[in-house]
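J.: One file: protein15.cif (mmCIF, C-alpha atoms, pLDDT in the B column; chains and numbers go by the auth columns).
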```cif
data_data
#
loop_
_atom_site.group_PDB
_atom_site.id
_atom_site.type_symbol
_atom_site.label_atom_id
_atom_site.label_comp_id
_atom_site.label_asym_id
_atom_site.label_seq_id
_atom_site.Cartn_x
_atom_site.Cartn_y
_atom_site.Cartn_z
_atom_site.B_iso_or_equiv
_atom_site.auth_seq_id
_atom_site.auth_asym_id
ATOM 1 C CA GLN A 1 0.000 0.000 0.000 57.00 51 A
ATOM 2 C CA GLN A 2 1.537 3.249 -1.135 66.00 52 A
ATOM 3 C CA GLN A 3 0.906 5.786 1.580 89.00 53 A
ATOM 4 C CA VAL A 4 2.245 8.822 -0.282 95.00 54 A
ATOM 5 C CA LYS A 5 1.399 9.190 -3.971 96.00 55 A
ATOM 6 C CA GLN A 6 3.397 11.692 -6.016 97.00 56 A
ATOM 7 C CA SER A 7 2.714 13.113 -9.467 97.00 57 A
ATOM 8 C CA PRO A 8 3.812 13.702 -12.123 97.00 58 A
ATOM 9 C CA GLN A 9 6.590 11.177 -12.557 96.00 59 A
ATOM 10 C CA SER A 10 8.462 13.598 -14.817 97.00 60 A
ATOM 11 C CA LEU A 11 8.043 17.270 -15.655 98.00 61 A
ATOM 12 C CA ILE A 12 9.558 19.634 -18.186 98.00 62 A
ATOM 13 C CA VAL A 13 9.258 23.377 -17.554 98.00 63 A
ATOM 14 C CA GLN A 14 10.656 26.339 -19.416 98.00 64 A
ATOM 15 C CA LYS A 15 13.127 28.602 -17.641 98.00 65 A
ATOM 16 C CA GLY A 16 11.247 31.235 -15.676 98.00 66 A
ATOM 17 C CA GLY A 17 8.102 29.140 -15.447 98.00 67 A
ATOM 18 C CA ILE A 18 6.372 27.626 -12.424 98.00 68 A
ATOM 19 C CA SER A 19 7.026 23.976 -11.578 98.00 69 A
ATOM 20 C CA ILE A 20 4.257 22.232 -9.652 98.00 70 A
ATOM 21 C CA ILE A 21 4.549 18.797 -8.056 98.00 71 A
ATOM 22 C CA ASN A 22 1.683 17.187 -6.180 98.00 72 A
ATOM 23 C CA CYS A 23 1.433 14.605 -3.410 98.00 73 A
ATOM 24 C CA ALA A 24 -1.472 12.883 -1.708 98.00 74 A
ATOM 25 C CA TYR A 25 -1.353 10.913 1.494 97.00 75 A
ATOM 26 C CA GLU A 26 -3.620 8.390 3.159 93.00 76 A
ATOM 27 C CA ASN A 27 -2.560 8.222 6.785 92.00 77 A
ATOM 28 C CA THR A 28 -4.256 10.982 8.789 92.00 78 A
ATOM 29 C CA ALA A 29 -1.689 10.485 11.566 91.00 79 A
ATOM 30 C CA PHE A 30 1.005 12.094 9.409 92.00 80 A
ATOM 31 C CA ASP A 31 2.022 15.416 10.959 90.00 81 A
ATOM 32 C CA TYR A 32 5.157 16.478 9.084 91.00 82 A
ATOM 33 C CA PHE A 33 5.520 16.902 5.322 94.00 83 A
ATOM 34 C CA PRO A 34 8.970 17.663 3.890 94.00 84 A
ATOM 35 C CA TRP A 35 10.185 17.994 0.327 97.00 85 A
ATOM 36 C CA TYR A 36 13.629 16.771 -0.681 96.00 86 A
ATOM 37 C CA GLN A 37 15.775 17.627 -3.693 97.00 87 A
ATOM 38 C CA GLN A 38 18.195 15.068 -5.066 96.00 88 A
ATOM 39 C CA PHE A 39 20.893 15.444 -7.702 96.00 89 A
ATOM 40 C CA PRO A 40 22.281 12.369 -9.521 92.00 90 A
ATOM 41 C CA GLY A 41 24.629 10.309 -7.369 90.00 91 A
ATOM 42 C CA LYS A 42 23.914 12.385 -4.254 93.00 92 A
ATOM 43 C CA GLY A 43 21.771 11.987 -1.173 94.00 93 A
ATOM 44 C CA PRO A 44 18.516 13.936 -0.859 96.00 94 A
ATOM 45 C CA ALA A 45 18.676 17.374 0.747 95.00 95 A
ATOM 46 C CA LEU A 46 15.819 18.955 2.673 94.00 96 A
ATOM 47 C CA LEU A 47 14.240 21.766 0.672 95.00 97 A
ATOM 48 C CA ILE A 48 11.253 22.884 2.683 95.00 98 A
ATOM 49 C CA ALA A 49 8.780 21.317 5.133 94.00 99 A
ATOM 50 C CA ILE A 50 5.330 22.038 6.535 93.00 100 A
ATOM 51 C CA ARG A 51 3.099 20.936 9.391 91.00 101 A
ATOM 52 C CA PRO A 52 -0.684 20.521 9.031 89.00 102 A
ATOM 53 C CA ASP A 53 -1.505 23.547 11.179 90.00 103 A
ATOM 54 C CA VAL A 54 -0.620 25.916 8.323 92.00 104 A
ATOM 55 C CA SER A 55 -1.882 25.964 4.739 94.00 105 A
ATOM 56 C CA GLU A 56 1.146 27.471 3.064 96.00 106 A
ATOM 57 C CA LYS A 57 4.848 27.976 3.666 96.00 107 A
ATOM 58 C CA LYS A 58 7.194 29.957 1.475 97.00 108 A
ATOM 59 C CA GLU A 59 10.989 29.979 1.420 95.00 109 A
ATOM 60 C CA GLY A 60 12.480 31.984 -1.405 97.00 110 A
ATOM 61 C CA ARG A 61 11.240 30.590 -4.713 97.00 111 A
ATOM 62 C CA PHE A 62 9.843 27.447 -3.076 97.00 112 A
ATOM 63 C CA THR A 63 6.306 27.222 -1.657 97.00 113 A
ATOM 64 C CA ILE A 64 4.417 24.337 -0.077 96.00 114 A
ATOM 65 C CA SER A 65 0.627 24.423 -0.255 96.00 115 A
ATOM 66 C CA PHE A 66 -1.184 22.102 2.132 96.00 116 A
ATOM 67 C CA ASN A 67 -4.831 20.996 2.042 95.00 117 A
ATOM 68 C CA LYS A 68 -5.586 18.975 5.153 94.00 118 A
ATOM 69 C CA SER A 69 -9.181 18.098 4.236 94.00 119 A
ATOM 70 C CA ALA A 70 -8.126 16.763 0.831 96.00 120 A
ATOM 71 C CA LYS A 71 -4.982 15.130 2.276 96.00 121 A
ATOM 72 C CA GLN A 72 -2.876 16.748 -0.413 97.00 122 A
ATOM 73 C CA PHE A 73 0.183 18.965 -0.522 97.00 123 A
ATOM 74 C CA SER A 74 2.173 20.432 -3.339 98.00 124 A
ATOM 75 C CA LEU A 75 5.492 22.073 -4.111 98.00 125 A
ATOM 76 C CA HIS A 76 5.620 25.174 -6.289 98.00 126 A
ATOM 77 C CA ILE A 77 8.933 26.369 -7.694 98.00 127 A
ATOM 78 C CA MET A 78 8.617 29.933 -8.960 98.00 128 A
ATOM 79 C CA ASP A 79 10.897 31.367 -11.653 98.00 129 A
ATOM 80 C CA SER A 80 12.305 27.875 -12.311 98.00 130 A
ATOM 81 C CA GLN A 81 16.003 27.794 -13.264 98.00 131 A
ATOM 82 C CA PRO A 82 18.137 25.152 -15.018 97.00 132 A
ATOM 83 C CA GLY A 83 19.907 24.567 -11.690 97.00 133 A
ATOM 84 C CA ASP A 84 16.588 23.369 -10.275 98.00 134 A
ATOM 85 C CA SER A 85 16.745 20.341 -12.578 98.00 135 A
ATOM 86 C CA ALA A 86 16.757 17.416 -10.161 97.00 136 A
ATOM 87 C CA THR A 87 14.544 14.722 -8.696 97.00 137 A
ATOM 88 C CA TYR A 88 12.108 15.912 -6.048 98.00 138 A
ATOM 89 C CA PHE A 89 10.578 13.703 -3.385 97.00 139 A
ATOM 90 C CA CYS A 90 7.704 14.448 -1.082 97.00 140 A
ATOM 91 C CA ALA A 91 7.586 12.624 2.228 95.00 141 A
ATOM 92 C CA ALA A 92 5.533 12.320 5.387 94.00 142 A
ATOM 93 C CA SER A 93 6.018 11.195 8.953 91.00 143 A
ATOM 94 C CA LYS A 94 4.020 10.868 12.145 87.00 144 A
ATOM 95 C CA GLY A 95 4.506 10.989 15.859 77.00 145 A
ATOM 96 C CA GLY A 96 7.638 13.075 15.822 71.00 146 A
ATOM 97 C CA GLY A 97 9.106 11.253 12.851 74.00 147 A
ATOM 98 C CA ALA A 98 11.400 9.036 14.904 77.00 148 A
ATOM 99 C CA ASP A 99 10.283 5.924 13.041 83.00 149 A
ATOM 100 C CA GLY A 100 11.264 7.228 9.633 89.00 150 A
ATOM 101 C CA LEU A 101 9.879 9.063 6.629 92.00 151 A
ATOM 102 C CA THR A 102 7.473 7.627 4.050 93.00 152 A
ATOM 103 C CA PHE A 103 8.475 8.863 0.600 95.00 153 A
ATOM 104 C CA GLY A 104 6.668 9.399 -2.662 96.00 154 A
ATOM 105 C CA LYS A 105 8.239 7.862 -5.767 95.00 155 A
ATOM 106 C CA GLY A 106 9.789 11.093 -6.969 96.00 156 A
ATOM 107 C CA THR A 107 9.443 13.593 -9.817 97.00 157 A
ATOM 108 C CA HIS A 108 12.223 14.091 -12.334 97.00 158 A
ATOM 109 C CA LEU A 109 12.172 17.816 -13.119 98.00 159 A
ATOM 110 C CA ILE A 110 13.911 19.283 -16.163 98.00 160 A
ATOM 111 C CA ILE A 111 14.108 23.039 -16.633 98.00 161 A
ATOM 112 C CA GLN A 112 14.764 23.923 -20.255 97.00 162 A
ATOM 113 C CA PRO A 113 16.872 27.055 -20.902 91.00 163 A
ATOM 114 C CA ASP B 1 32.176 20.202 9.114 60.00 713 B
ATOM 115 C CA GLY B 2 29.442 18.041 10.569 70.00 714 B
ATOM 116 C CA GLY B 3 27.802 15.475 8.366 93.00 715 B
ATOM 117 C CA ILE B 4 27.229 11.873 7.425 96.00 716 B
ATOM 118 C CA THR B 5 29.930 9.820 5.751 96.00 717 B
ATOM 119 C CA GLN B 6 29.008 6.740 3.790 97.00 718 B
ATOM 120 C CA SER B 7 31.623 4.374 2.444 95.00 719 B
ATOM 121 C CA PRO B 8 32.449 3.040 0.029 95.00 720 B
ATOM 122 C CA LYS B 9 30.801 5.122 -2.693 95.00 721 B
ATOM 123 C CA TYR B 10 30.700 2.121 -5.038 95.00 722 B
ATOM 124 C CA LEU B 11 30.654 -1.519 -4.032 94.00 723 B
ATOM 125 C CA PHE B 12 30.588 -4.688 -6.070 93.00 724 B
ATOM 126 C CA ARG B 13 29.455 -7.983 -4.627 90.00 725 B
ATOM 127 C CA LYS B 14 29.500 -11.477 -5.949 90.00 726 B
ATOM 128 C CA GLU B 15 26.353 -13.494 -5.556 87.00 727 B
ATOM 129 C CA GLY B 16 26.297 -15.353 -2.236 87.00 728 B
ATOM 130 C CA GLN B 17 28.552 -12.884 -0.438 91.00 729 B
ATOM 131 C CA ASN B 18 27.704 -10.681 2.503 94.00 730 B
ATOM 132 C CA VAL B 19 28.833 -7.064 2.299 95.00 731 B
ATOM 133 C CA THR B 20 28.815 -4.286 4.900 96.00 732 B
ATOM 134 C CA LEU B 21 28.098 -0.638 4.150 97.00 733 B
ATOM 135 C CA SER B 22 29.496 1.938 6.515 97.00 734 B
ATOM 136 C CA CYS B 23 27.657 4.985 7.881 98.00 735 B
ATOM 137 C CA GLU B 24 29.260 7.427 10.330 98.00 736 B
ATOM 138 C CA GLN B 25 27.852 10.743 11.586 97.00 737 B
ATOM 139 C CA ASN B 26 29.435 13.502 13.652 96.00 738 B
ATOM 140 C CA LEU B 27 26.234 15.509 14.117 93.00 739 B
ATOM 141 C CA ASN B 28 25.507 14.084 17.567 93.00 740 B
ATOM 142 C CA HIS B 29 22.174 12.885 16.204 93.00 741 B
ATOM 143 C CA ASP B 30 20.272 10.300 18.207 93.00 742 B
ATOM 144 C CA ALA B 31 18.540 8.378 15.452 94.00 743 B
ATOM 145 C CA MET B 32 19.956 6.786 12.323 96.00 744 B
ATOM 146 C CA TYR B 33 18.250 5.225 9.306 97.00 745 B
ATOM 147 C CA TRP B 34 18.998 3.119 6.261 98.00 746 B
ATOM 148 C CA TYR B 35 17.022 3.574 3.050 97.00 747 B
ATOM 149 C CA ARG B 36 17.165 1.766 -0.254 97.00 748 B
ATOM 150 C CA GLN B 37 16.541 3.635 -3.525 96.00 749 B
ATOM 151 C CA ASP B 38 15.717 1.926 -6.807 94.00 750 B
ATOM 152 C CA PRO B 39 15.100 3.694 -10.169 87.00 751 B
ATOM 153 C CA GLY B 40 11.572 5.051 -10.367 82.00 752 B
ATOM 154 C CA GLN B 41 10.929 4.214 -6.723 84.00 753 B
ATOM 155 C CA GLY B 42 11.000 6.398 -3.698 88.00 754 B
ATOM 156 C CA LEU B 43 13.224 5.700 -0.757 94.00 755 B
ATOM 157 C CA ARG B 44 12.188 2.655 1.232 95.00 756 B
ATOM 158 C CA LEU B 45 13.107 2.204 4.878 96.00 757 B
ATOM 159 C CA ILE B 46 15.248 -0.833 5.720 97.00 758 B
ATOM 160 C CA TYR B 47 16.169 -0.394 9.398 97.00 759 B
ATOM 161 C CA TYR B 48 16.371 2.407 11.926 96.00 760 B
ATOM 162 C CA SER B 49 17.819 2.975 15.371 96.00 761 B
ATOM 163 C CA GLN B 50 16.824 5.574 17.936 94.00 762 B
ATOM 164 C CA ILE B 51 19.377 4.667 20.621 94.00 763 B
ATOM 165 C CA VAL B 52 22.570 2.668 20.941 95.00 764 B
ATOM 166 C CA ASN B 53 22.136 -1.114 21.042 96.00 765 B
ATOM 167 C CA ASP B 54 18.551 -0.910 19.805 96.00 766 B
ATOM 168 C CA PHE B 55 17.095 -0.951 16.305 96.00 767 B
ATOM 169 C CA GLN B 56 13.812 -1.655 14.511 96.00 768 B
ATOM 170 C CA LYS B 57 12.887 -3.180 11.167 96.00 769 B
ATOM 171 C CA GLY B 58 11.547 -0.918 8.471 95.00 770 B
ATOM 172 C CA ASP B 59 9.379 -1.842 5.515 93.00 771 B
ATOM 173 C CA ILE B 60 11.943 -3.993 3.659 95.00 772 B
ATOM 174 C CA ALA B 61 14.250 -5.488 6.331 97.00 773 B
ATOM 175 C CA GLU B 62 14.421 -9.026 4.909 96.00 774 B
ATOM 176 C CA GLY B 63 17.953 -9.940 3.828 96.00 775 B
ATOM 177 C CA TYR B 64 19.573 -7.079 5.769 97.00 776 B
ATOM 178 C CA SER B 65 21.078 -6.730 9.231 97.00 777 B
ATOM 179 C CA VAL B 66 22.367 -3.780 11.263 98.00 778 B
ATOM 180 C CA SER B 67 24.138 -2.970 14.512 97.00 779 B
ATOM 181 C CA ARG B 68 24.370 0.173 16.638 98.00 780 B
ATOM 182 C CA GLU B 69 27.266 -0.226 19.054 97.00 781 B
ATOM 183 C CA LYS B 70 28.164 3.482 18.991 97.00 782 B
ATOM 184 C CA LYS B 71 25.998 6.566 18.629 97.00 783 B
ATOM 185 C CA GLU B 72 28.043 7.707 15.639 97.00 784 B
ATOM 186 C CA SER B 73 27.954 4.483 13.647 98.00 785 B
ATOM 187 C CA PHE B 74 25.193 2.415 12.020 98.00 786 B
ATOM 188 C CA PRO B 75 26.605 -0.172 9.577 98.00 787 B
ATOM 189 C CA LEU B 76 24.318 -2.122 7.257 98.00 788 B
ATOM 190 C CA THR B 77 25.081 -5.684 6.168 97.00 789 B
ATOM 191 C CA VAL B 78 23.519 -6.917 2.964 96.00 790 B
ATOM 192 C CA THR B 79 23.359 -10.676 3.333 94.00 791 B
ATOM 193 C CA SER B 80 23.214 -13.392 0.715 89.00 792 B
ATOM 194 C CA ALA B 81 19.535 -13.792 1.634 88.00 793 B
ATOM 195 C CA GLN B 82 18.745 -10.472 -0.076 89.00 794 B
ATOM 196 C CA LYS B 83 17.592 -11.629 -3.501 87.00 795 B
ATOM 197 C CA ASN B 84 17.920 -8.344 -5.358 90.00 796 B
ATOM 198 C CA PRO B 85 20.565 -6.247 -3.596 93.00 797 B
ATOM 199 C CA THR B 86 21.628 -4.026 -6.505 95.00 798 B
ATOM 200 C CA ALA B 87 20.502 -0.542 -5.456 96.00 799 B
ATOM 201 C CA PHE B 88 21.549 2.849 -4.105 96.00 800 B
ATOM 202 C CA TYR B 89 21.728 2.772 -0.309 98.00 801 B
ATOM 203 C CA LEU B 90 21.276 5.941 1.739 98.00 802 B
ATOM 204 C CA CYS B 91 21.976 6.518 5.399 98.00 803 B
ATOM 205 C CA ALA B 92 20.286 9.326 7.326 96.00 804 B
ATOM 206 C CA SER B 93 20.255 10.730 10.841 95.00 805 B
ATOM 207 C CA ARG B 94 18.277 13.189 12.937 92.00 806 B
ATOM 208 C CA ARG B 95 17.807 14.478 16.465 87.00 807 B
ATOM 209 C CA LEU B 96 14.853 12.936 18.240 82.00 808 B
ATOM 210 C CA GLN B 97 13.744 16.161 19.894 77.00 809 B
ATOM 211 C CA GLY B 98 12.655 19.382 18.259 70.00 810 B
ATOM 212 C CA ASN B 99 13.226 19.887 14.545 64.00 811 B
ATOM 213 C CA TYR B 100 12.314 16.852 12.486 67.00 812 B
ATOM 214 C CA GLY B 101 14.909 17.386 9.769 82.00 813 B
ATOM 215 C CA TYR B 102 16.737 14.360 8.418 91.00 814 B
ATOM 216 C CA THR B 103 20.293 14.654 7.126 93.00 815 B
ATOM 217 C CA PHE B 104 21.300 12.200 4.400 96.00 816 B
ATOM 218 C CA GLY B 105 24.679 10.875 3.393 96.00 817 B
ATOM 219 C CA SER B 106 25.854 10.733 -0.226 96.00 818 B
ATOM 220 C CA GLY B 107 24.996 7.068 -0.621 96.00 819 B
ATOM 221 C CA THR B 108 26.626 3.781 -1.596 97.00 820 B
ATOM 222 C CA ARG B 109 25.847 2.193 -4.929 96.00 821 B
ATOM 223 C CA LEU B 110 25.914 -1.581 -4.586 96.00 822 B
ATOM 224 C CA THR B 111 26.094 -3.779 -7.671 95.00 823 B
ATOM 225 C CA VAL B 112 25.923 -7.565 -7.721 90.00 824 B
ATOM 226 C CA VAL B 113 28.247 -9.053 -10.324 86.00 825 B
#
```
Could the structure of this file be written out as structure tokens, please?
T.:
Amino acid sequence: QQQVKQSPQSLIVQKGGISIINCAYENTAFDYFPWYQQFPGKGPALLIAIRPDVSEKKEGRFTISFNKSAKQFSLHIMDSQPGDSATYFCAASKGGGADGLTFGKGTHLIIQP
Amino acid sequence: DGGITQSPKYLFRKEGQNVTLSCEQNLNHDAMYWYRQDPGQGLRLIYYSQIVNDFQKGDIAEGYSVSREKKESFPLTVTSAQKNPTAFYLCASRRLQGNYGYTFGSGTRLTVV
């Protein structure tokens, strides 16, 4: 049973455009929702995270939108740049997150110059 | 600089052999985790440990073993019982209190030859 579903699997966006990646979760006990960015051959790096008590969080060009009733959250990358080309993973955890993160399957993002 | 060191970066194993992947952190983090990443898949949790001398199975523990004799170290052994061990293995750590952020290492790519 896949607890975090991520879409799309791949995405091509023109430079300067908005990249949008969506995730849906099933477990209502999840209380922490991070996004990770991964470059080839490297480990994932935390990009931005949100808790269910807020509907939106913005850090620079990156924004998380969270819809608790729909059990969905999304990552928006404004003014997308070629350096943003990477694989992005959404994830979720519960109860303080000590027992690990549940990841989506990832989105391969390509920003075309 | 504080961080997580995984070694080796590349590892080749003959069928029927056990191999051990190293993970060391100098972040003074309490908890450590092992994830497996396959193409087109998210990261799947193998084992995790919240304190020394204690660890729990994740979603795909079969064919793997771990130990946690020191806070800084969490080696993963891929045994001959793991039927499909070729994958990218990632180690992560985090503090148990406060911020939920996970820090990942740069990974070990294991190939069965």
J.: Pick the closest to A:Lys92 from A:Ala136, A:Lys118, A:Gly156, A:Ile70: which is it, counting only C-alpha atoms?
T.: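 Closest to A:Lys92 of all the choices is A:Ala136.
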J.: I'd like the interatomic distance between atom CA of B:Tyr759 and atom CA of A:Phe83, to a tenth of an Å.
T.: 20.7 Å
J.: For the structure provided, state which residues fall under the PyMOL selection byres ((chain A) within 7 of (chain B)), and present them as a list in words.
T.: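 Expected selection for the PyMOL selection byres ((chain A) within 7 of (chain B)) here is Lys92, Gly93, Pro94, Ala95, Gly146, Gly147, Ala148, Phe153, Gly154, Lys155 and Gly156 of chain A.
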J.: Have a look at atom CA of A:Gly66 and atom CA of A:Glu106 and let me know their distance in Å, one decimal.
T.: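 Atom CA of A:Gly66 sits 21.6 Å away from atom CA of A:Glu106.
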J.: Take atom CA of A:Ile100 and atom CA of A:Thr137 and report the distance between them in Å, one decimal.
T.: 19.2 Å
J.: Could you tell me, as number ranges by chain, exactly which residues end up selected when the PyMOL selection byres ((chain A and resi 86) around 9) is applied to this structure?
T.: A: 84-85, 87-88, 94-99, 137-141
J.: Convert the current residue selection to file output with C-alpha atoms, as a CSV table (one decimal), keeping the file's coordinate frame.
T.:
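The result, written out as result_20.csv:
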```csv
chain,number,residue,atom,x,y,z
A,84,PRO,CA,9.0,17.7,3.9
A,85,TRP,CA,10.2,18.0,0.3
A,87,GLN,CA,15.8,17.6,-3.7
A,88,GLN,CA,18.2,15.1,-5.1
A,94,PRO,CA,18.5,13.9,-0.9
A,95,ALA,CA,18.7,17.4,0.7
A,96,LEU,CA,15.8,19.0,2.7
A,97,LEU,CA,14.2,21.8,0.7
A,98,ILE,CA,11.3,22.9,2.7
A,99,ALA,CA,8.8,21.3,5.1
A,137,THR,CA,14.5,14.7,-8.7
A,138,TYR,CA,12.1,15.9,-6.0
A,139,PHE,CA,10.6,13.7,-3.4
A,140,CYS,CA,7.7,14.4,-1.1
A,141,ALA,CA,7.6,12.6,2.2
```
J.: Mind working out the centre and edge lengths of an axis-aligned box for stretch 783-793 of chain B, all listed atoms inside, 8 Å added to each side, rounded to one decimal in Å and written as JSON?
T.:
```
{"center_x": 23.8, "center_y": -3.0, "center_z": 9.7, "size_x": 24.5, "size_y": 37.5, "size_z": 33.9}
```
J.: Using the chain letters and residue numbers of this document, give as a list in words the residues selected by the PyMOL selection byres ((chain A and resi 54) around 6).
T.: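 Evaluating the PyMOL selection byres ((chain A and resi 54) around 6) on this file yields Gln52, Gln53, Lys55, Ala74, Tyr75 and Gly154 of chain A.
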J.: Tell me which protein, DNA and RNA residues are within 9 Å of B:Pro797, counting all atoms listed in the file, leaving out same-chain ones fewer than 2 positions away, and put them as a ChimeraX atom specification.
T.: /B:775,790-792,794-795,799,822-824
J.: Measuring atom to atom with only C-alpha atoms, identify which of A:His126, A:Lys107, A:His158, A:Lys121 is nearest to A:Asn77.
T.: A:Lys121
J.: My list of candidates is B:Thr717, B:Asn765, B:Asn740, B:Gln729. Which is closest to B:Lys782 when distances are computed with all atoms listed in the file?
T.: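 Going through B:Thr717, B:Asn765, B:Asn740, B:Gln729 one by one, the smallest distance to B:Lys782 is for B:Asn765.
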J.: Counting only C-alpha atoms, which residue out of A:Phe80, A:Leu151, A:Ile161, A:Gly91 sits closest to A:Ile68?
T.: A:Ile161
J.: Complete stretch 122-129 of chain A with all heavy atoms (output as an mmCIF file, in the coordinates of the input).
T.:
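Result saved to result-v4.cif:
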```cif
data_model
loop_
_atom_site.group_PDB
_atom_site.id
_atom_site.type_symbol
_atom_site.label_atom_id
_atom_site.label_comp_id
_atom_site.auth_asym_id
_atom_site.auth_seq_id
_atom_site.Cartn_x
_atom_site.Cartn_y
_atom_site.Cartn_z
ATOM 1 N N GLN A 122 -3.769 16.488 0.715
ATOM 2 C CA GLN A 122 -2.876 16.748 -0.413
ATOM 3 C C GLN A 122 -1.937 17.889 -0.065
ATOM 4 O O GLN A 122 -2.281 18.789 0.704
ATOM 5 C CB GLN A 122 -3.696 17.122 -1.664
ATOM 6 C CG GLN A 122 -4.578 15.991 -2.190
ATOM 7 C CD GLN A 122 -5.432 16.437 -3.345
ATOM 8 O OE1 GLN A 122 -5.573 17.623 -3.629
ATOM 9 N NE2 GLN A 122 -6.015 15.473 -4.044
ATOM 10 N N PHE A 123 -0.751 17.843 -0.642
ATOM 11 C CA PHE A 123 0.183 18.965 -0.522
ATOM 12 C C PHE A 123 1.005 19.042 -1.795
ATOM 13 O O PHE A 123 1.155 18.043 -2.518
ATOM 14 C CB PHE A 123 1.059 18.853 0.731
ATOM 15 C CG PHE A 123 1.905 17.612 0.837
ATOM 16 C CD1 PHE A 123 3.284 17.680 0.703
ATOM 17 C CD2 PHE A 123 1.339 16.367 1.112
ATOM 18 C CE1 PHE A 123 4.077 16.556 0.830
ATOM 19 C CE2 PHE A 123 2.116 15.233 1.238
ATOM 20 C CZ PHE A 123 3.492 15.330 1.098
ATOM 21 N N SER A 124 1.474 20.238 -2.077
ATOM 22 C CA SER A 124 2.173 20.432 -3.339
ATOM 23 C C SER A 124 3.361 21.365 -3.155
ATOM 24 O O SER A 124 3.400 22.176 -2.238
ATOM 25 C CB SER A 124 1.220 20.990 -4.389
ATOM 26 O OG SER A 124 0.709 22.229 -3.971
ATOM 27 N N LEU A 125 4.304 21.221 -4.061
ATOM 28 C CA LEU A 125 5.492 22.073 -4.111
ATOM 29 C C LEU A 125 5.403 22.933 -5.362
ATOM 30 O O LEU A 125 5.165 22.417 -6.455
ATOM 31 C CB LEU A 125 6.766 21.223 -4.161
ATOM 32 C CG LEU A 125 8.079 21.980 -4.337
ATOM 33 C CD1 LEU A 125 8.407 22.788 -3.064
ATOM 34 C CD2 LEU A 125 9.215 21.025 -4.667
ATOM 35 N N HIS A 126 5.585 24.239 -5.173
ATOM 36 C CA HIS A 126 5.620 25.174 -6.289
ATOM 37 C C HIS A 126 7.012 25.785 -6.336
ATOM 38 O O HIS A 126 7.504 26.291 -5.314
ATOM 39 C CB HIS A 126 4.602 26.296 -6.100
ATOM 40 C CG HIS A 126 3.176 25.850 -6.222
ATOM 41 N ND1 HIS A 126 2.592 24.965 -5.359
ATOM 42 C CD2 HIS A 126 2.204 26.183 -7.105
ATOM 43 C CE1 HIS A 126 1.334 24.766 -5.703
ATOM 44 N NE2 HIS A 126 1.078 25.491 -6.760
ATOM 45 N N ILE A 127 7.637 25.727 -7.502
ATOM 46 C CA ILE A 127 8.933 26.369 -7.694
ATOM 47 C C ILE A 127 8.704 27.529 -8.660
ATOM 48 O O ILE A 127 8.392 27.326 -9.839
ATOM 49 C CB ILE A 127 9.988 25.401 -8.266
ATOM 50 C CG1 ILE A 127 10.112 24.167 -7.371
ATOM 51 C CG2 ILE A 127 11.334 26.105 -8.374
ATOM 52 C CD1 ILE A 127 11.034 23.094 -7.942
ATOM 53 N N MET A 128 8.817 28.732 -8.141
ATOM 54 C CA MET A 128 8.617 29.933 -8.960
ATOM 55 C C MET A 128 9.898 30.262 -9.711
ATOM 56 O O MET A 128 10.998 29.959 -9.245
ATOM 57 C CB MET A 128 8.219 31.099 -8.060
ATOM 58 C CG MET A 128 7.119 30.789 -7.073
ATOM 59 S SD MET A 128 5.589 30.265 -7.856
ATOM 60 C CE MET A 128 5.068 31.838 -8.504
ATOM 61 N N ASP A 129 9.737 30.923 -10.867
ATOM 62 C CA ASP A 129 10.897 31.367 -11.653
ATOM 63 C C ASP A 129 11.913 30.221 -11.775
ATOM 64 O O ASP A 129 13.080 30.354 -11.420
ATOM 65 C CB ASP A 129 11.538 32.583 -10.988
ATOM 66 C CG ASP A 129 12.650 33.198 -11.825
ATOM 67 O OD1 ASP A 129 12.625 33.041 -13.063
ATOM 68 O OD2 ASP A 129 13.548 33.822 -11.234
#
```
